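Okay, structure first, notes after.
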Amino acid sequence: MRSGKLFVVCGLGFGDEGKGSVVDVLVRRHGAGLVVRYNGGPQAGHNVVSPDGVWHCFAQFGAGTLVPGVRTLLSREMLVEPENLLAEAAALSSKGHGDALARLKIDPRCAVVTPLHKMIGQMLEICRGGSAYGSCGMGVGQAVLDRDAGDQLTVGELIAGRGLERRLKRLRKKRLAEAGELLKRCSVPELREAYEYFRQRTEPDRLLSAYRGFAEAA
């Protein structure tokens, strides 16, 4: 940071502490040039309203992005959802920040959240019925389990592209088998709907196309 200071913003409650607004204020007050997101994933909802009335709910970009020139670093502990990240970049562009992607750097070791992770997470939540955890269904928990088991797909792998189709097909086969077991255990109509939706969303050709687009943009 240009001021030579480092501020660490932590949430000690249940995620509604206003961290995004605090980061925006610190960036503006101290002339910070970089916001580092050091953990978490695309389930974030950091609402910021700029002094000129521009609103954005930050999910993956740093909450200082509404300030011109401020960069974001997603550090290695972040989980990245590539398709949602590009959608958020488009939303920021529509609000006058077309260079948001150019101001973003992602550690290649970041684990990737795929629609397959979302499928299993949402199906498990449906099966829990009245004992549901209250998950937001973004697949982060499932991606963390893969990461902790050393079986994560990384941003670096998406960008390199080598063996990506093989990795995606293996991951899809594994997750569809898990989903099939859930369908046997839990006879809820919503479960079949979720399965069919994500089965289509995770066709290898569609995922490859989406991730290649992300690699080109990144």
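The way I read the labels, and the way they are meant: chains A, B, ... in the order of the structure tokens, residue 1 as the first residue of every chain, and ligand 1 as the first ligand shown, with later ones counted on from there.
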Skipping near chain neighbours, those fewer than 5 positions away, what residues fall within 7 Å of range 155-159 of chain A using only C-alpha atoms, listed as a tab-separated table (two decimals) with all heavy atoms, in the first residue's frame?
```
chain	number	residue	atom	x	y	z
A	108	PRO	N	-2.52	-18.97	-9.11
A	108	PRO	CA	-2.87	-20.17	-9.88
A	108	PRO	C	-3.17	-21.39	-9.02
A	108	PRO	O	-3.75	-22.37	-9.51
A	108	PRO	CB	-1.63	-20.41	-10.76
A	108	PRO	CG	-0.52	-19.68	-10.07
A	108	PRO	CD	-1.16	-18.49	-9.42
A	109	ARG	N	-2.83	-21.34	-7.73
A	109	ARG	CA	-3.11	-22.47	-6.84
A	109	ARG	C	-4.52	-22.44	-6.27
A	109	ARG	O	-4.93	-23.39	-5.58
A	109	ARG	CB	-2.09	-22.49	-5.70
A	109	ARG	CG	-0.66	-22.72	-6.15
A	109	ARG	CD	0.34	-22.46	-5.05
A	109	ARG	NE	0.39	-21.03	-4.69
A	109	ARG	CZ	1.21	-20.52	-3.79
A	109	ARG	NH1	2.05	-21.32	-3.14
A	109	ARG	NH2	1.20	-19.22	-3.53
A	110	CYS	N	-5.29	-21.40	-6.56
A	110	CYS	CA	-6.67	-21.33	-6.06
A	110	CYS	C	-7.49	-22.50	-6.57
A	110	CYS	O	-7.44	-22.85	-7.77
A	110	CYS	CB	-7.33	-20.03	-6.51
A	110	CYS	SG	-6.75	-18.54	-5.68
A	111	ALA	N	-8.26	-23.11	-5.68
A	111	ALA	CA	-9.14	-24.21	-6.08
A	111	ALA	C	-10.36	-23.66	-6.83
A	111	ALA	O	-10.83	-22.56	-6.55
A	111	ALA	CB	-9.60	-25.00	-4.86
A	112	VAL	N	-10.83	-24.45	-7.79
A	112	VAL	CA	-11.96	-24.06	-8.62
A	112	VAL	C	-13.25	-24.70	-8.11
A	112	VAL	O	-13.28	-25.90	-7.81
A	112	VAL	CB	-11.72	-24.46	-10.09
A	112	VAL	CG1	-12.96	-24.22	-10.95
A	112	VAL	CG2	-10.52	-23.70	-10.65
A	164	LEU	N	-7.05	-30.97	-19.29
A	164	LEU	CA	-8.24	-30.45	-18.62
A	164	LEU	C	-9.48	-31.27	-18.96
A	164	LEU	O	-10.29	-31.56	-18.07
A	164	LEU	CB	-8.47	-28.98	-19.02
A	164	LEU	CG	-9.66	-28.28	-18.39
A	164	LEU	CD1	-9.57	-28.32	-16.87
A	164	LEU	CD2	-9.76	-26.83	-18.88
A	211	TYR	N	-14.51	-22.69	-19.51
A	211	TYR	CA	-13.21	-22.53	-18.85
A	211	TYR	C	-12.14	-22.01	-19.81
A	211	TYR	O	-11.21	-21.31	-19.39
A	211	TYR	CB	-12.79	-23.84	-18.20
A	211	TYR	CG	-13.67	-24.23	-17.02
A	211	TYR	CD1	-13.77	-25.54	-16.58
A	211	TYR	CD2	-14.41	-23.26	-16.33
A	211	TYR	CE1	-14.56	-25.87	-15.51
A	211	TYR	CE2	-15.21	-23.58	-15.27
A	211	TYR	CZ	-15.29	-24.89	-14.85
A	211	TYR	OH	-16.09	-25.22	-13.78
A	215	ALA	N	-9.94	-18.71	-19.20
A	215	ALA	CA	-8.48	-18.70	-19.35
A	215	ALA	C	-8.04	-17.56	-20.26
A	215	ALA	O	-7.03	-16.89	-19.99
A	215	ALA	CB	-8.00	-20.04	-19.89
```
Can you tell me which residues surround Cys136 in chain A at a distance of at most 10 Å, considering only C-alpha atoms, apart from same-chain residues fewer than 4 positions away, and format the answer as an mmCIF file with N, CA, C and O atoms, in the first residue's frame?
```
data_model
loop_
_atom_site.group_PDB
_atom_site.id
_atom_site.type_symbol
_atom_site.label_atom_id
_atom_site.label_comp_id
_atom_site.auth_asym_id
_atom_site.auth_seq_id
_atom_site.Cartn_x
_atom_site.Cartn_y
_atom_site.Cartn_z
ATOM 1 N N GLN A 43 -19.386 -17.361 -2.578
ATOM 2 C CA GLN A 43 -20.643 -17.184 -1.848
ATOM 3 C C GLN A 43 -20.688 -15.843 -1.118
ATOM 4 O O GLN A 43 -21.687 -15.506 -0.497
ATOM 5 N N ALA A 44 -19.609 -15.082 -1.198
ATOM 6 C CA ALA A 44 -19.559 -13.799 -0.488
ATOM 7 C C ALA A 44 -20.611 -12.825 -1.029
ATOM 8 O O ALA A 44 -20.983 -12.882 -2.205
ATOM 9 N N LYS A 118 -21.577 -27.696 -6.924
ATOM 10 C CA LYS A 118 -22.884 -27.121 -6.585
ATOM 11 C C LYS A 118 -23.955 -28.206 -6.584
ATOM 12 O O LYS A 118 -24.839 -28.222 -5.719
ATOM 13 N N GLY A 121 -23.654 -30.347 -3.401
ATOM 14 C CA GLY A 121 -24.010 -29.538 -2.240
ATOM 15 C C GLY A 121 -25.501 -29.287 -2.145
ATOM 16 O O GLY A 121 -26.105 -29.417 -1.064
ATOM 17 N N GLN A 122 -26.121 -28.945 -3.264
ATOM 18 C CA GLN A 122 -27.553 -28.662 -3.254
ATOM 19 C C GLN A 122 -28.379 -29.933 -3.041
ATOM 20 O O GLN A 122 -29.395 -29.918 -2.332
ATOM 21 N N GLU A 125 -28.299 -30.868 0.590
ATOM 22 C CA GLU A 125 -29.151 -29.966 1.379
ATOM 23 C C GLU A 125 -30.620 -30.345 1.226
ATOM 24 O O GLU A 125 -31.386 -30.327 2.202
ATOM 25 N N VAL A 140 -19.162 -24.371 -2.387
ATOM 26 C CA VAL A 140 -17.873 -24.081 -1.766
ATOM 27 C C VAL A 140 -17.441 -25.196 -0.819
ATOM 28 O O VAL A 140 -16.284 -25.632 -0.827
#
```
- [ ] Write out as an NGL selection string each polymer residue whose atoms come within 10 Å of Asp205 in chain A, counting only C-alpha atoms; drop sequence neighbours fewer than 3 positions from it.
- [x] :A and (165 or 168-169 or 201-202 or 208-211)
Convert the current residue selection to file output with N, CA, C and O atoms, as a compact mmCIF listing (two decimals), in the first residue's frame.
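Written file, again.txt:
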```
# COMPACT_ATOMS: atom_id res chain seq x y z
N GLU A 165 -9.63 -31.65 -20.22
CA GLU A 165 -10.80 -32.43 -20.60
C GLU A 165 -10.84 -33.75 -19.83
O GLU A 165 -11.89 -34.17 -19.32
N LEU A 168 -11.87 -33.08 -16.18
CA LEU A 168 -13.28 -32.75 -16.05
C LEU A 168 -14.16 -33.99 -16.20
O LEU A 168 -15.14 -34.17 -15.46
N LYS A 169 -13.80 -34.85 -17.12
CA LYS A 169 -14.59 -36.07 -17.32
C LYS A 169 -14.48 -36.98 -16.10
O LYS A 169 -15.47 -37.60 -15.69
N ARG A 201 -25.74 -28.94 -17.22
CA ARG A 201 -24.77 -27.85 -17.04
C ARG A 201 -23.34 -28.35 -17.00
O ARG A 201 -22.40 -27.56 -17.19
N THR A 202 -23.15 -29.62 -16.74
CA THR A 202 -21.80 -30.15 -16.59
C THR A 202 -21.35 -31.01 -17.77
O THR A 202 -20.40 -31.78 -17.64
N LEU A 208 -15.71 -27.14 -20.87
CA LEU A 208 -14.45 -26.81 -21.53
C LEU A 208 -14.53 -25.45 -22.21
O LEU A 208 -13.60 -24.65 -22.13
N SER A 209 -15.65 -25.20 -22.88
CA SER A 209 -15.82 -23.91 -23.56
C SER A 209 -15.81 -22.76 -22.56
O SER A 209 -15.16 -21.73 -22.76
N ALA A 210 -16.54 -22.95 -21.45
CA ALA A 210 -16.60 -21.90 -20.43
C ALA A 210 -15.24 -21.64 -19.81
O ALA A 210 -14.84 -20.48 -19.62
N TYR A 211 -14.51 -22.69 -19.51
CA TYR A 211 -13.21 -22.53 -18.85
C TYR A 211 -12.14 -22.01 -19.81
O TYR A 211 -11.21 -21.31 -19.39
```
- [ ] Run DSSP on the backbone and grab whatever in range 22-62 of chain A lands in helix (DSSP H, G or I); send it over as a PyMOL selection string.
- [x] chain A and resi 22-30
TODO: Just the residues within 12 Å of range 84-87 of chain A, please, counting only C-alpha atoms, with nothing from its chain fewer than 6 positions along; format it as number ranges by chain.
DONE: A: 41-44, 58-62, 74, 93-94, 98, 100-102, 104, 106, 112-115, 138, 210-218
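Taking CA of Thr65 in chain A and CA of His97 in chain A as the two end points, the separation is 8.0 Å.
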TODO: Compile the contact shell of Ile126 in chain A as an MDAnalysis selection string: residues with an atom at most 12 Å away, counting only C-alpha atoms, same-chain residues fewer than 2 positions apart removed.
DONE: chainID A and resid 119:124 128:137 179 182:183 185:195
- [ ] Write down as a PyMOL selection string the residues of range 75-125 of chain A whose backbone DSSP state falls under strand (DSSP E or B).
- [x] chain A and resi 79-80+104-106+111-112
Please save C-alpha atoms of the selected residues as a compact mmCIF listing (two decimals), in the first residue's frame.
```txt
# COMPACT_ATOMS: atom_id res chain seq x y z
CA LEU A 79 -11.96 -20.63 -4.01
CA VAL A 80 -12.81 -19.35 -7.48
CA LEU A 104 -7.40 -8.66 -10.90
CA LYS A 105 -4.65 -11.20 -10.21
CA ILE A 106 -5.48 -14.78 -9.20
CA ALA A 111 -9.14 -24.21 -6.08
CA VAL A 112 -11.96 -24.06 -8.62
```
